[in-house]
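Below: one structure, written as structure tokens.
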Amino acid sequence: MGFNLAFLSSILILSVFSPVTSALSSNYYDKSCPNVELLVSNAVKKATANDKTVPAALLRMHFHDCFIRGCDASVLLNSKGNNKAEKDGPPNISLHAFYVIDNAKKQVEASCPGVVSCADILALAARDAVVQSGGPSWNVPKGRKDGRTSLATETRQLPAPTFNISQLQQSFSQRGLSLNDLVALSGGHTLGFSHCSSFQNRIHNFNASHDIDPTLHSSFAASLKNICPIKNRPKNAGATMDPSSTTFDNTYFKLILQGKSLFSSDQALLNFPKTKNLVTKFASSQEAFLDAFVNSMIKMSSITGGQEIRKDCKVVN
């Protein structure tokens, strides 16, 4: 039954989700809204100055948006009436910093009303989040439209932190993304924080013969168990994704090789020769990682799917 459901959901994904990209261009707003990039980057800069967790939140928000119906800002829509929107689906409850996109949109609307989509603002903000964290910059292709549909149930299609390598490969390939993209984009885990729930499968009752995942470094596993006990766990307990969790660098890949990554899906990258080689390459060369990350971000953020330019990012027109 599980297989049939998985197969069915893969058909459903492909039906709402075509990795065919409509033509985006990096100079899309040159005439219609020439200062859009400056307005968005100022909003990200201002928010980051007040809260160092903002860049990780914006990068994750963009990823979670693109992986459902393409990069159409459906993740920004509020639930309404009986319709529970994506942002209220289980994997998205911990998303935050939506206000940064709202603030940027307000500035952009004041400058050039009705021109720039929320989806483009989110794609620009994700790039600026990386830049604000000391990572690379790139030309973001623009011209996305905003979607009108947002369903919490569809968030089950997001790759889970417990995924193995074949589940990850399937999830990415359904979106037209390669193993190279999978490893490069996983490097986004260099930023941010994770709650215990995303990695507790590795530190408690791992399987019939091991309480702890044997691929985890023993002292690292002990410290995680300490932070995330099975009972009486503090509400927001968790761990940073890597020790330099506000700096965009290649530390994440070094940690995987040391058995110190948080998620099963991180460790899974070592279970396949091609992905293992890429982890090793990115761990030894930050430059190789940054180049690959930029290419994969442009590729992922070019999966389009919307229909309109929203006036307010939280509601359809």
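By order in the structure tokens, chains are A, B, ...; within a chain, residues start at 1; ligands start at 1, following the order shown.
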Contacts of Ser265 of chain A at 10 Å (only C-alpha atoms; same-chain gap of 4+ positions) as number ranges by chain
A: 159-165, 167-168, 186, 199, 261, 269-270
- Task: Fewer than 3 positions away in the same chain doesn't count, so skip those; otherwise give me all residues within 6 Å of segment 95-103 of chain A, counting only C-alpha atoms, as a list in words.
- Result: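 Near segment 95-103 of chain A, the qualifying residues are Ala57, Asn92 and Lys106 of chain A.
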Could you save the residues just selected, with all heavy atoms, as a PDB file, in the first residue's frame?
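part_18.pdb was written with the following content:
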ATOM      1  N   ALA A  57      15.945  31.690   7.612  1.00  0.00           N
ATOM      2  CA  ALA A  57      14.485  31.576   7.458  1.00  0.00           C
ATOM      3  C   ALA A  57      14.049  31.890   6.025  1.00  0.00           C
ATOM      4  O   ALA A  57      13.205  31.195   5.455  1.00  0.00           O
ATOM      5  CB  ALA A  57      13.784  32.521   8.441  1.00  0.00           C
ATOM      6  N   ASN A  92       5.993  23.306   7.611  1.00  0.00           N
ATOM      7  CA  ASN A  92       6.162  24.758   7.491  1.00  0.00           C
ATOM      8  C   ASN A  92       5.818  25.537   8.755  1.00  0.00           C
ATOM      9  O   ASN A  92       5.953  26.762   8.783  1.00  0.00           O
ATOM     10  CB  ASN A  92       5.319  25.300   6.326  1.00  0.00           C
ATOM     11  CG  ASN A  92       5.931  24.951   4.981  1.00  0.00           C
ATOM     12  OD1 ASN A  92       7.106  24.608   4.903  1.00  0.00           O
ATOM     13  ND2 ASN A  92       5.153  25.027   3.928  1.00  0.00           N
ATOM     14  N   LYS A 106       5.781  46.122   0.546  1.00  0.00           N
ATOM     15  CA  LYS A 106       5.230  47.457   0.813  1.00  0.00           C
ATOM     16  C   LYS A 106       6.085  48.536   0.144  1.00  0.00           C
ATOM     17  O   LYS A 106       5.566  49.445  -0.518  1.00  0.00           O
ATOM     18  CB  LYS A 106       5.184  47.681   2.334  1.00  0.00           C
ATOM     19  CG  LYS A 106       4.091  48.609   2.792  1.00  0.00           C
ATOM     20  CD  LYS A 106       4.000  48.651   4.324  1.00  0.00           C
ATOM     21  CE  LYS A 106       3.372  47.387   4.893  1.00  0.00           C
ATOM     22  NZ  LYS A 106       3.379  47.376   6.380  1.00  0.00           N
TER      23      LYS A 106
END
Restricting to only C-alpha atoms, whichever of A:Ala119, A:Ala110, A:Cys33, A:Ala47 is closest to Thr304 of chain A is A:Ala119
The distance between atom CA of Ser166 of chain A and atom CA of Ile303 of chain A is 21.9 Å
Polymer residues at most 7 Å from segment 75-80 of chain A, only C-alpha atoms, same-chain spacing of 6 or more positions, as a ChimeraX atom specification: /A:65,86-87,150,313-315
Selection near Gly192 of chain A, 6 Å with only C-alpha atoms, sequence-local residues under 6 positions removed, as a tab-separated table (two decimals) with N, CA, C and O atoms, in the first residue's frame:
chain	number	residue	atom	x	y	z
A	56	ALA	N	18.59	32.50	7.31
A	56	ALA	CA	18.26	31.06	7.22
A	56	ALA	C	16.77	30.88	6.96
A	56	ALA	O	16.37	30.01	6.16
A	240	THR	N	21.93	24.10	16.38
A	240	THR	CA	22.24	24.84	15.14
A	240	THR	C	22.69	23.84	14.08
A	240	THR	O	23.25	22.78	14.41
A	241	MET	N	22.44	24.17	12.82
A	241	MET	CA	22.75	23.25	11.73
A	241	MET	C	24.25	22.99	11.62
A	241	MET	O	24.69	21.91	11.27
A	245	SER	N	26.52	28.86	12.23
A	245	SER	CA	25.18	28.76	11.62
A	245	SER	C	24.63	30.06	11.05
A	245	SER	O	23.54	30.09	10.50
| message | Show me, as JSON, numbers by chain, the residues that have an atom within 10 Å of Glu37 of chain A when counting only C-alpha atoms, minus same-chain residues fewer than 2 positions from it. | response | {"A": [29, 33, 34, 35, 39, 40, 41, 42, 104, 108, 120, 121, 124, 125, 128, 140]}
Saved selection, atoms kept: N, CA, C and O atoms, as an mmCIF file, in the first residue's frame:
data_model
loop_
_atom_site.group_PDB
_atom_site.id
_atom_site.type_symbol
_atom_site.label_atom_id
_atom_site.label_comp_id
_atom_site.auth_asym_id
_atom_site.auth_seq_id
_atom_site.Cartn_x
_atom_site.Cartn_y
_atom_site.Cartn_z
ATOM 1 N N TYR A 29 12.809 43.788 -14.799
ATOM 2 C CA TYR A 29 12.238 45.018 -14.236
ATOM 3 C C TYR A 29 13.081 46.265 -14.516
ATOM 4 O O TYR A 29 12.851 47.305 -13.902
ATOM 5 N N CYS A 33 10.551 48.697 -12.952
ATOM 6 C CA CYS A 33 10.792 48.884 -11.511
ATOM 7 C C CYS A 33 12.295 48.772 -11.238
ATOM 8 O O CYS A 33 12.765 47.812 -10.626
ATOM 9 N N PRO A 34 13.059 49.769 -11.716
ATOM 10 C CA PRO A 34 14.521 49.651 -11.698
ATOM 11 C C PRO A 34 15.157 49.497 -10.312
ATOM 12 O O PRO A 34 16.245 48.952 -10.200
ATOM 13 N N ASN A 35 14.474 49.974 -9.244
ATOM 14 C CA ASN A 35 15.117 49.882 -7.922
ATOM 15 C C ASN A 35 14.616 48.718 -7.075
ATOM 16 O O ASN A 35 14.845 48.660 -5.871
ATOM 17 N N LEU A 39 15.507 47.825 -3.007
ATOM 18 C CA LEU A 39 14.452 47.849 -1.988
ATOM 19 C C LEU A 39 14.382 46.531 -1.228
ATOM 20 O O LEU A 39 14.266 46.508 0.003
ATOM 21 N N VAL A 40 14.469 45.413 -1.958
ATOM 22 C CA VAL A 40 14.413 44.097 -1.302
ATOM 23 C C VAL A 40 15.651 43.881 -0.442
ATOM 24 O O VAL A 40 15.555 43.462 0.715
ATOM 25 N N SER A 41 16.825 44.208 -0.968
ATOM 26 C CA SER A 41 18.042 43.947 -0.188
ATOM 27 C C SER A 41 18.086 44.827 1.059
ATOM 28 O O SER A 41 18.548 44.388 2.116
ATOM 29 N N ASN A 42 17.552 46.043 0.984
ATOM 30 C CA ASN A 42 17.489 46.898 2.182
ATOM 31 C C ASN A 42 16.582 46.296 3.251
ATOM 32 O O ASN A 42 16.891 46.342 4.446
ATOM 33 N N ALA A 104 9.223 44.308 2.393
ATOM 34 C CA ALA A 104 9.815 44.555 1.073
ATOM 35 C C ALA A 104 8.725 44.858 0.052
ATOM 36 O O ALA A 104 8.843 45.792 -0.749
ATOM 37 N N VAL A 108 8.205 48.114 -2.360
ATOM 38 C CA VAL A 108 8.167 47.939 -3.820
ATOM 39 C C VAL A 108 6.852 48.483 -4.386
ATOM 40 O O VAL A 108 6.839 49.163 -5.414
ATOM 41 N N ASP A 120 8.898 36.857 -7.044
ATOM 42 C CA ASP A 120 10.194 37.460 -7.373
ATOM 43 C C ASP A 120 10.840 38.080 -6.136
ATOM 44 O O ASP A 120 12.054 37.988 -5.949
ATOM 45 N N ILE A 121 10.029 38.723 -5.304
ATOM 46 C CA ILE A 121 10.571 39.327 -4.081
ATOM 47 C C ILE A 121 11.182 38.243 -3.187
ATOM 48 O O ILE A 121 12.281 38.413 -2.650
ATOM 49 N N LEU A 124 14.495 37.056 -4.695
ATOM 50 C CA LEU A 124 15.544 38.058 -4.460
ATOM 51 C C LEU A 124 15.975 38.033 -2.988
ATOM 52 O O LEU A 124 17.164 38.111 -2.675
ATOM 53 N N ALA A 125 14.999 37.919 -2.086
ATOM 54 C CA ALA A 125 15.302 37.915 -0.653
ATOM 55 C C ALA A 125 16.155 36.707 -0.273
ATOM 56 O O ALA A 125 17.043 36.810 0.584
ATOM 57 N N ASP A 128 19.601 37.553 -1.284
ATOM 58 C CA ASP A 128 20.152 38.551 -0.358
ATOM 59 C C ASP A 128 20.476 37.940 1.000
ATOM 60 O O ASP A 128 21.411 38.364 1.683
ATOM 61 N N VAL A 140 19.598 37.152 -10.199
ATOM 62 C CA VAL A 140 18.369 36.367 -10.066
ATOM 63 C C VAL A 140 17.498 36.595 -11.292
ATOM 64 O O VAL A 140 17.114 37.734 -11.574
#
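Running DSSP on the backbone gives alpha helix (DSSP H) for these residues within segment 50-103 of chain A: Asn50, Val54, Pro55, Ala56, Ala57, Leu58, Leu59, Arg60, Met61, His62, Phe63, His64, Asp65, Cys66, Phe67, Ile68, Arg69, Phe98, Tyr99, Val100, Ile101, Asp102 and Asn103 of chain A.
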For a test of reading the model, state the distance in Å between atom CA of Gln307 of chain A and atom CA of Lys145 of chain A, rounded to one decimal.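 Straight-line distance from atom CA of Gln307 of chain A to atom CA of Lys145 of chain A works out to 5.3 Å.
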Exercise for the section: Tell me, in Å to one decimal, how far atom CA of Phe172 of chain A is from atom CA of Arg60 of chain A. Expected result: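 Distance reported for this atom pair: 15.6 Å.
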